[in-house]
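Undergrad: For reference, this is work-v2.cif, and it has mmCIF, C-alpha atoms and all ligand atoms.
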data_protein
#
loop_
_atom_site.label_atom_id
_atom_site.label_comp_id
_atom_site.auth_asym_id
_atom_site.auth_seq_id
_atom_site.Cartn_x
_atom_site.Cartn_y
_atom_site.Cartn_z
CA MET A 27 0.00 0.00 0.00
CA ASN A 28 1.20 3.42 -0.87
CA ASN A 29 0.11 5.77 1.90
CA MET A 30 1.54 8.83 0.20
CA ILE A 31 -1.68 9.90 -1.45
CA ASN A 32 -1.16 13.06 -3.40
CA ILE A 33 -4.06 15.26 -2.32
CA GLU A 34 -3.89 17.42 -5.43
CA GLU A 35 -4.05 14.37 -7.66
CA LEU A 36 -6.95 13.03 -5.62
CA TYR A 37 -8.90 16.26 -6.02
CA LYS A 38 -8.18 16.29 -9.73
CA ASP A 39 -9.59 12.77 -10.00
CA VAL A 40 -12.73 13.77 -8.11
CA LEU A 41 -13.32 16.74 -10.41
CA LEU A 42 -12.62 14.65 -13.51
CA ASP A 43 -15.08 12.00 -12.31
CA HIS A 44 -17.84 14.57 -11.84
CA TYR A 45 -17.05 16.13 -15.22
CA SER A 46 -17.15 12.79 -17.06
CA ASN A 47 -20.27 11.66 -15.24
CA PRO A 48 -22.18 14.67 -13.89
CA ARG A 49 -24.87 13.83 -11.32
CA HIS A 50 -28.50 15.00 -11.30
CA THR A 51 -28.63 16.31 -14.88
CA HIS A 52 -32.15 15.02 -15.60
CA VAL A 53 -34.91 17.58 -16.16
CA ILE A 54 -37.43 18.03 -13.34
CA PRO A 55 -40.96 18.26 -14.83
CA ASN A 56 -42.45 20.72 -12.31
CA PRO A 57 -39.66 22.52 -10.49
CA THR A 58 -40.46 24.72 -7.50
CA VAL A 59 -37.69 27.10 -8.44
CA THR A 60 -35.30 27.55 -11.35
CA ALA A 61 -32.34 29.85 -11.91
CA GLU A 62 -29.95 30.56 -14.76
CA GLY A 63 -26.29 31.44 -14.38
CA HIS A 64 -23.64 32.65 -16.77
CA ASN A 65 -19.89 33.10 -16.42
CA PRO A 66 -18.87 35.42 -19.28
CA VAL A 67 -15.17 35.06 -18.41
CA CYS A 68 -15.20 31.43 -19.54
CA GLY A 69 -18.53 31.05 -21.34
CA ASP A 70 -20.00 28.64 -18.79
CA GLU A 71 -23.78 28.45 -18.53
CA ILE A 72 -25.90 26.70 -15.95
CA HIS A 73 -29.57 25.88 -15.57
CA LEU A 74 -30.60 24.92 -12.05
CA SER A 75 -33.98 23.51 -10.96
CA LEU A 76 -35.10 22.44 -7.52
CA GLN A 77 -38.20 20.64 -6.41
CA VAL A 78 -38.87 21.62 -2.81
CA ASP A 79 -41.62 20.06 -0.72
CA ALA A 80 -43.92 21.69 1.86
CA GLU A 81 -41.36 20.98 4.61
CA ASP A 82 -38.69 22.98 2.73
CA ILE A 83 -36.81 19.79 1.82
CA ILE A 84 -35.09 19.66 -1.55
CA GLN A 85 -36.54 16.48 -3.04
CA LYS A 86 -35.09 16.79 -6.53
CA VAL A 87 -32.17 18.67 -7.99
CA SER A 88 -31.42 19.27 -11.64
CA VAL A 89 -28.19 20.93 -12.75
CA GLN A 90 -27.41 21.31 -16.44
CA THR A 91 -24.08 22.94 -17.13
CA HIS A 92 -22.66 23.80 -20.52
CA GLY A 93 -19.11 24.85 -19.94
CA CYS A 94 -15.63 23.87 -18.91
CA SER A 95 -14.70 20.87 -16.79
CA ILE A 96 -14.57 22.86 -13.54
CA SER A 97 -18.00 24.46 -13.99
CA VAL A 98 -19.55 21.08 -14.80
CA ALA A 99 -17.80 19.33 -11.87
CA SER A 100 -18.77 22.10 -9.46
CA GLY A 101 -22.44 21.90 -10.54
CA SER A 102 -22.43 18.13 -10.15
CA ILE A 103 -20.83 18.24 -6.69
CA MET A 104 -23.32 20.90 -5.63
CA ALA A 105 -26.26 18.82 -6.87
CA GLU A 106 -25.10 15.89 -4.75
CA GLU A 107 -24.77 18.11 -1.72
CA LEU A 108 -28.27 19.56 -2.12
CA GLN A 109 -30.25 16.38 -2.57
CA GLY A 110 -32.35 15.74 0.55
CA LYS A 111 -31.27 18.87 2.39
CA THR A 112 -33.61 21.53 3.71
CA ILE A 113 -33.46 25.03 2.28
CA GLU A 114 -31.87 26.18 5.54
CA GLN A 115 -29.19 23.47 5.33
CA ALA A 116 -28.54 24.34 1.69
CA GLN A 117 -28.03 27.95 2.71
CA MET A 118 -25.46 26.76 5.26
CA VAL A 119 -23.64 24.76 2.57
CA ILE A 120 -23.45 27.89 0.37
CA ASP A 121 -22.05 29.73 3.35
CA LEU A 122 -19.42 27.06 4.05
CA PHE A 123 -18.45 26.96 0.39
CA GLN A 124 -18.08 30.74 0.27
CA LYS A 125 -15.89 30.71 3.40
CA MET A 126 -13.81 27.79 2.13
CA MET A 127 -13.17 29.45 -1.23
CA SER A 128 -12.20 32.75 0.39
CA GLY A 129 -9.51 31.18 2.57
CA GLY A 130 -11.50 29.62 5.41
CA PRO A 131 -11.02 26.05 6.63
CA VAL A 132 -11.60 23.17 4.25
CA VAL A 133 -14.89 21.53 5.14
CA GLU A 134 -15.55 17.83 4.88
CA SER A 135 -18.92 17.05 3.38
CA GLU A 136 -21.17 14.03 3.50
CA SER A 137 -20.38 13.16 -0.11
CA GLY A 138 -16.66 13.68 0.44
CA ASP A 139 -16.35 15.54 -2.87
CA PHE A 140 -17.24 19.07 -1.78
CA GLU A 141 -13.71 19.79 -0.52
CA ALA A 142 -12.24 18.84 -3.90
CA LEU A 143 -13.39 22.24 -5.16
CA VAL A 144 -10.92 23.98 -2.88
CA GLY A 145 -8.20 22.67 -5.23
CA VAL A 146 -9.49 25.13 -7.83
CA LYS A 147 -8.14 27.97 -5.67
CA GLN A 148 -4.70 27.16 -7.07
CA PHE A 149 -5.98 28.45 -10.41
CA PRO A 150 -7.39 31.93 -9.67
CA VAL A 151 -8.55 32.37 -13.26
CA ARG A 152 -10.82 29.34 -12.84
CA ILE A 153 -12.40 30.24 -9.49
CA LYS A 154 -15.42 31.85 -11.17
CA CYS A 155 -16.03 28.58 -13.03
CA ALA A 156 -16.30 26.85 -9.64
CA LEU A 157 -18.41 29.66 -8.12
CA LEU A 158 -21.00 29.85 -10.92
CA ALA A 159 -23.17 26.95 -9.71
CA TRP A 160 -23.14 28.24 -6.13
CA MET A 161 -23.98 31.82 -7.12
CA THR A 162 -26.87 30.46 -9.17
CA LEU A 163 -28.01 28.37 -6.20
CA ASP A 164 -27.84 31.45 -3.99
CA GLN A 165 -30.12 33.19 -6.47
CA ALA A 166 -32.50 30.21 -6.50
CA MET A 167 -32.67 30.38 -2.69
CA LYS A 168 -33.57 34.07 -2.87
CA GLN A 169 -36.22 33.32 -5.45
CA TYR A 170 -37.61 30.57 -3.25
CA GLN A 171 -37.78 33.06 -0.42
CA GLY A 172 -39.73 35.43 -2.67
CA GLU A 173 -37.12 37.91 -3.83
CA HIS A 174 -36.94 39.23 -7.36
CA VAL A 175 -34.61 37.21 -9.51
CA GLN A 176 -32.62 37.90 -12.62
CA VAL A 177 -30.10 35.96 -14.66
CA VAL A 178 -26.97 35.45 -12.63
CA SER A 179 -23.64 36.61 -13.94
CA THR A 180 -20.33 36.08 -12.19
CA GLU A 181 -19.51 39.60 -13.37
CA GLN A 182 -22.52 41.33 -11.84
CA GLU A 183 -22.23 44.01 -9.19
CA GLY A 184 -22.93 42.94 -5.65
CA ALA A 185 -22.07 39.31 -6.38
CA PRO A 186 -22.29 37.23 -3.23
CA PHE A 187 -18.74 35.97 -3.59
ZN ZN A 201 -15.24 27.71 -16.93
#
What is this file in structure tokens?
TA:
Amino acid sequence: MNNMINIEELYKDVLLDHYSNPRHTHVIPNPTVTAEGHNPVCGDEIHLSLQVDAEDIIQKVSVQTHGCSISVASGSIMAEELQGKTIEQAQMVIDLFQKMMSGGPVVESESGDFEALVGVKQFPVRIKCALLAWMTLDQAMKQYQGEHVQVVSTEQEGAPF
């Protein structure tokens, strides 16, 4: 057994796995909330749908990303994290992600893949690719809570990240 696991290589494998086989890409017929996101820097686009039940539990997640490997992997990892969580828990995950990406501690998730995204910090030019899905989710949360929504852009003013 080789115990010298290269963490960077491991993270790269996790991202590659999500890119090659993105989770929760199926269309939800009657979503409770949908949001669109766009990262003009890279050309990434995302369509997010959530089906939320009366107890605020996210029953179904749909994430369709057209973009680079990091944007697709980030959307897929996010979809896995959201499935089965309450809106309040999802909000906490966004919060943890935001803190992690801005230099806070690396957080271990239930899926074990969430923390792989922190590896993207080594490539500052790609951070927006990783953030896109989460910014779009943040917008979907606001919409769910009744706020006015518009198409998300990573380049907009007052971006949450
Ligand atoms: Zn990208």
Undergrad: Fewer than 5 positions away in the same chain doesn't count, so skip those; otherwise give me all residues within 10 Å of Ser88 (chain A), counting only C-alpha atoms, as a PyMOL selection string.
TA: chain A and resi 49-54+57+60+73-77+101-102+105-106+109
Undergrad: What are the closest atom pairs, with distances in Å to one decimal, for all residues of chain A lying within 6 Å of ligand ZN 201 (chain A)? Consider only C-alpha atoms and all ligand atoms, order rows by chain and residue number, and present the result as CSV.
TA:
residue,atom,partner,partner_atom,distance
A:Cys68,CA,A:ZN201,ZN,4.5
A:Asp70,CA,A:ZN201,ZN,5.2
A:Gly93,CA,A:ZN201,ZN,5.7
A:Cys94,CA,A:ZN201,ZN,4.3
A:Ile96,CA,A:ZN201,ZN,6.0
A:Ser97,CA,A:ZN201,ZN,5.2
A:Cys155,CA,A:ZN201,ZN,4.1
Undergrad: Rank A:Glu81, A:Glu141, A:Glu107, A:Glu71 by their smallest atom-to-atom distance to Lys154 (chain A), using all atoms listed in the file, and report the top residue only.
TA: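 Closest to Lys154 (chain A) of all the choices is A:Glu71.
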Undergrad: What lies within 10 Å of Val119 (chain A) using all atoms listed in the file, ignoring chain neighbours under 5 positions off, as JSON, numbers by chain?
TA: {"A": [104, 107, 108, 111, 113, 114, 124, 125, 133, 135, 140, 160]}
Undergrad: Quick one, how far is CA of Leu41 (chain A) from CA of Thr91 (chain A)?
TA: 14.1 Å
Undergrad: If we count only C-alpha atoms and set the cut-off at 8 Å, which residues sit around Ala166 (chain A), ignoring sequence neighbours fewer than 4 positions away in its own chain? Please answer as a PyMOL selection string.
TA: chain A and resi 59-61+74+162+170+175
Undergrad: Just how far from CA of Ser128 (chain A) is CA of Ser95 (chain A), in Å to one decimal?
TA: 21.0 Å
